[in-house]
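Below is one structure, written out as structure tokens; the observations come after it.
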Amino acid sequence: MKKLAILAAMALALSANAAQSIEVHKSKYCGCCEGWISYLKKNGYEVKVVNAETVGENLDKFKLDHGITDDTASCHTGIIDGYVVEGHVPLVVIEELIKNRPADVVGVSAPGMPVGSPGMEQGDDKDAYDVVVIKKDGSVESLGTYRGDKKVN
Ligand SMILES: [Cu+2]
């Protein structure tokens, strides 16, 4: 009985500490992609980087195959837990996604390359930008407006 409780506690501790691992597909020339990758690593994520050219991958096709359109595209494409994370998406959004694991969702995106978003820091400049969720039926909904990595609306 006591042994079981200890085992259960250990299992809990393990799952809490397990690093989330994410695979990021990007161009090897992309600097801000590296910025976003450092941001994830700093926050305890394990990142596997896939440089598209190096593996002979067509990044545009990869995006299309993963449900990303021109409207939702950014520079890099992350894959975590079977979900797509496109562009400079703030951590809070990723954490919500993998915590809730919505069945009808392809992934989330911060379309374009918003100044001041994670990995796109340029001094004190911070543009407001939308983060969206991409549904399996192809529809796109806003998750709110962000500035830096904070939700403002
Ligand atoms: Cu970028």
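Going through the structure tokens in order, the chains are called A, B, and so on, while each chain numbers its residues from 1 and the ligands are numbered from 1 in the order shown.
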
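Identified as lying at most 8 Å from ligand 1 when counting only C-alpha atoms and all ligand atoms are the residues Cys30, Gly31, Cys32, Cys33, Gly35, Trp36, Ser74, Cys75, His76, Gly87, His88, Gly112, Met113, Gly119 and Met120 of chain A.
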
For this session: Would you mind writing down, as a PyMOL selection string, each residue of chain A that DSSP on the backbone assigns to helix (DSSP H, G or I)?
Result: chain A and resi 2-17+31-42+59-65+91-100

For this session: Compare A:Pro114, A:Leu143, A:Gln122, A:Lys63 by their minimum atom-to-atom distance to Glu96 in chain A, counting only C-alpha atoms, and give me the closest one.
Result: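 Closest to Glu96 in chain A of all the choices is A:Leu143.
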
Problem set entry | Residue nearest Ala110 in chain A among A:Gly138, A:Gly82, A:Gly44, A:Gly148 (counting only C-alpha atoms) | A:Gly148

Exercise. Rounded to one decimal in Å, what is the spacing between CA of Val47 in chain A and CA of Glu23 in chain A?
Worked result: 5.8 Å

Exercise. Between A:Ile79, A:Ile68, A:Tyr29, A:Val132, which is the closest to Lys48 in chain A once you count only C-alpha atoms?
Worked result: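 The shortest atom-to-atom distance to Lys48 in chain A comes from A:Ile79.
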
Exercise. Near Lys150 in chain A, within 9 Å and counting only C-alpha atoms, which residues show up once chain neighbours fewer than 5 positions away are dropped, as a list in words?
Worked result: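 Once the adjacent positions are removed, what remains is Pro90, Val92 and Thr145 of chain A.
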
Would you save the residues from that selection as a PDB file, in the first residue's frame, using C-alpha atoms?
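Final output, result31.pdb:
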```pdb
ATOM      1  CA  PRO A  90       3.785  32.774 -27.260  1.00  0.00           C
ATOM      2  CA  VAL A  92       1.037  30.476 -22.938  1.00  0.00           C
ATOM      3  CA  THR A 145      -4.566  39.918 -29.595  1.00  0.00           C
TER       4      THR A 145
END
```

Name all residues at most 12 Å from Arg147 in chain A (count only C-alpha atoms; drop same-chain ones fewer than 5 positions away) and give them as a short mmCIF file (atom, residue, chain, number, x, y, z; two decimals) with C-alpha atoms, in the first residue's frame.
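Output below, filename part.cif:
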```
data_model
loop_
_atom_site.label_atom_id
_atom_site.label_comp_id
_atom_site.auth_asym_id
_atom_site.auth_seq_id
_atom_site.Cartn_x
_atom_site.Cartn_y
_atom_site.Cartn_z
CA HIS A 88 6.22 33.19 -33.24
CA VAL A 89 3.51 31.84 -30.96
CA PRO A 90 3.78 32.77 -27.26
CA ALA A 110 0.88 33.76 -35.17
CA PRO A 114 4.99 40.40 -35.79
CA VAL A 115 7.60 42.73 -34.34
CA GLY A 116 8.07 42.13 -30.61
CA SER A 117 6.63 38.60 -30.63
CA PRO A 118 8.79 35.86 -29.03
CA MET A 120 11.14 38.81 -33.00
CA GLU A 121 12.29 41.23 -30.32
CA ASP A 124 11.10 48.21 -27.22
CA ASP A 125 9.00 47.93 -30.38
CA LYS A 126 6.05 45.66 -29.86
CA ASP A 127 3.28 45.44 -32.43
CA ALA A 128 -0.10 44.03 -31.53
CA TYR A 129 -0.79 40.78 -33.37
CA ASP A 130 -3.41 38.09 -33.54
CA VAL A 131 -2.91 34.50 -32.55
CA VAL A 152 -3.85 42.31 -24.50
CA ASN A 153 -7.32 41.64 -25.84
#
```

Problem set entry | DSSP strand (DSSP E or B) residues within range 7-128 of chain A, listed as a ChimeraX atom specification | /A:21-26,46-51,77-80,83-87,105-110,122,125,128
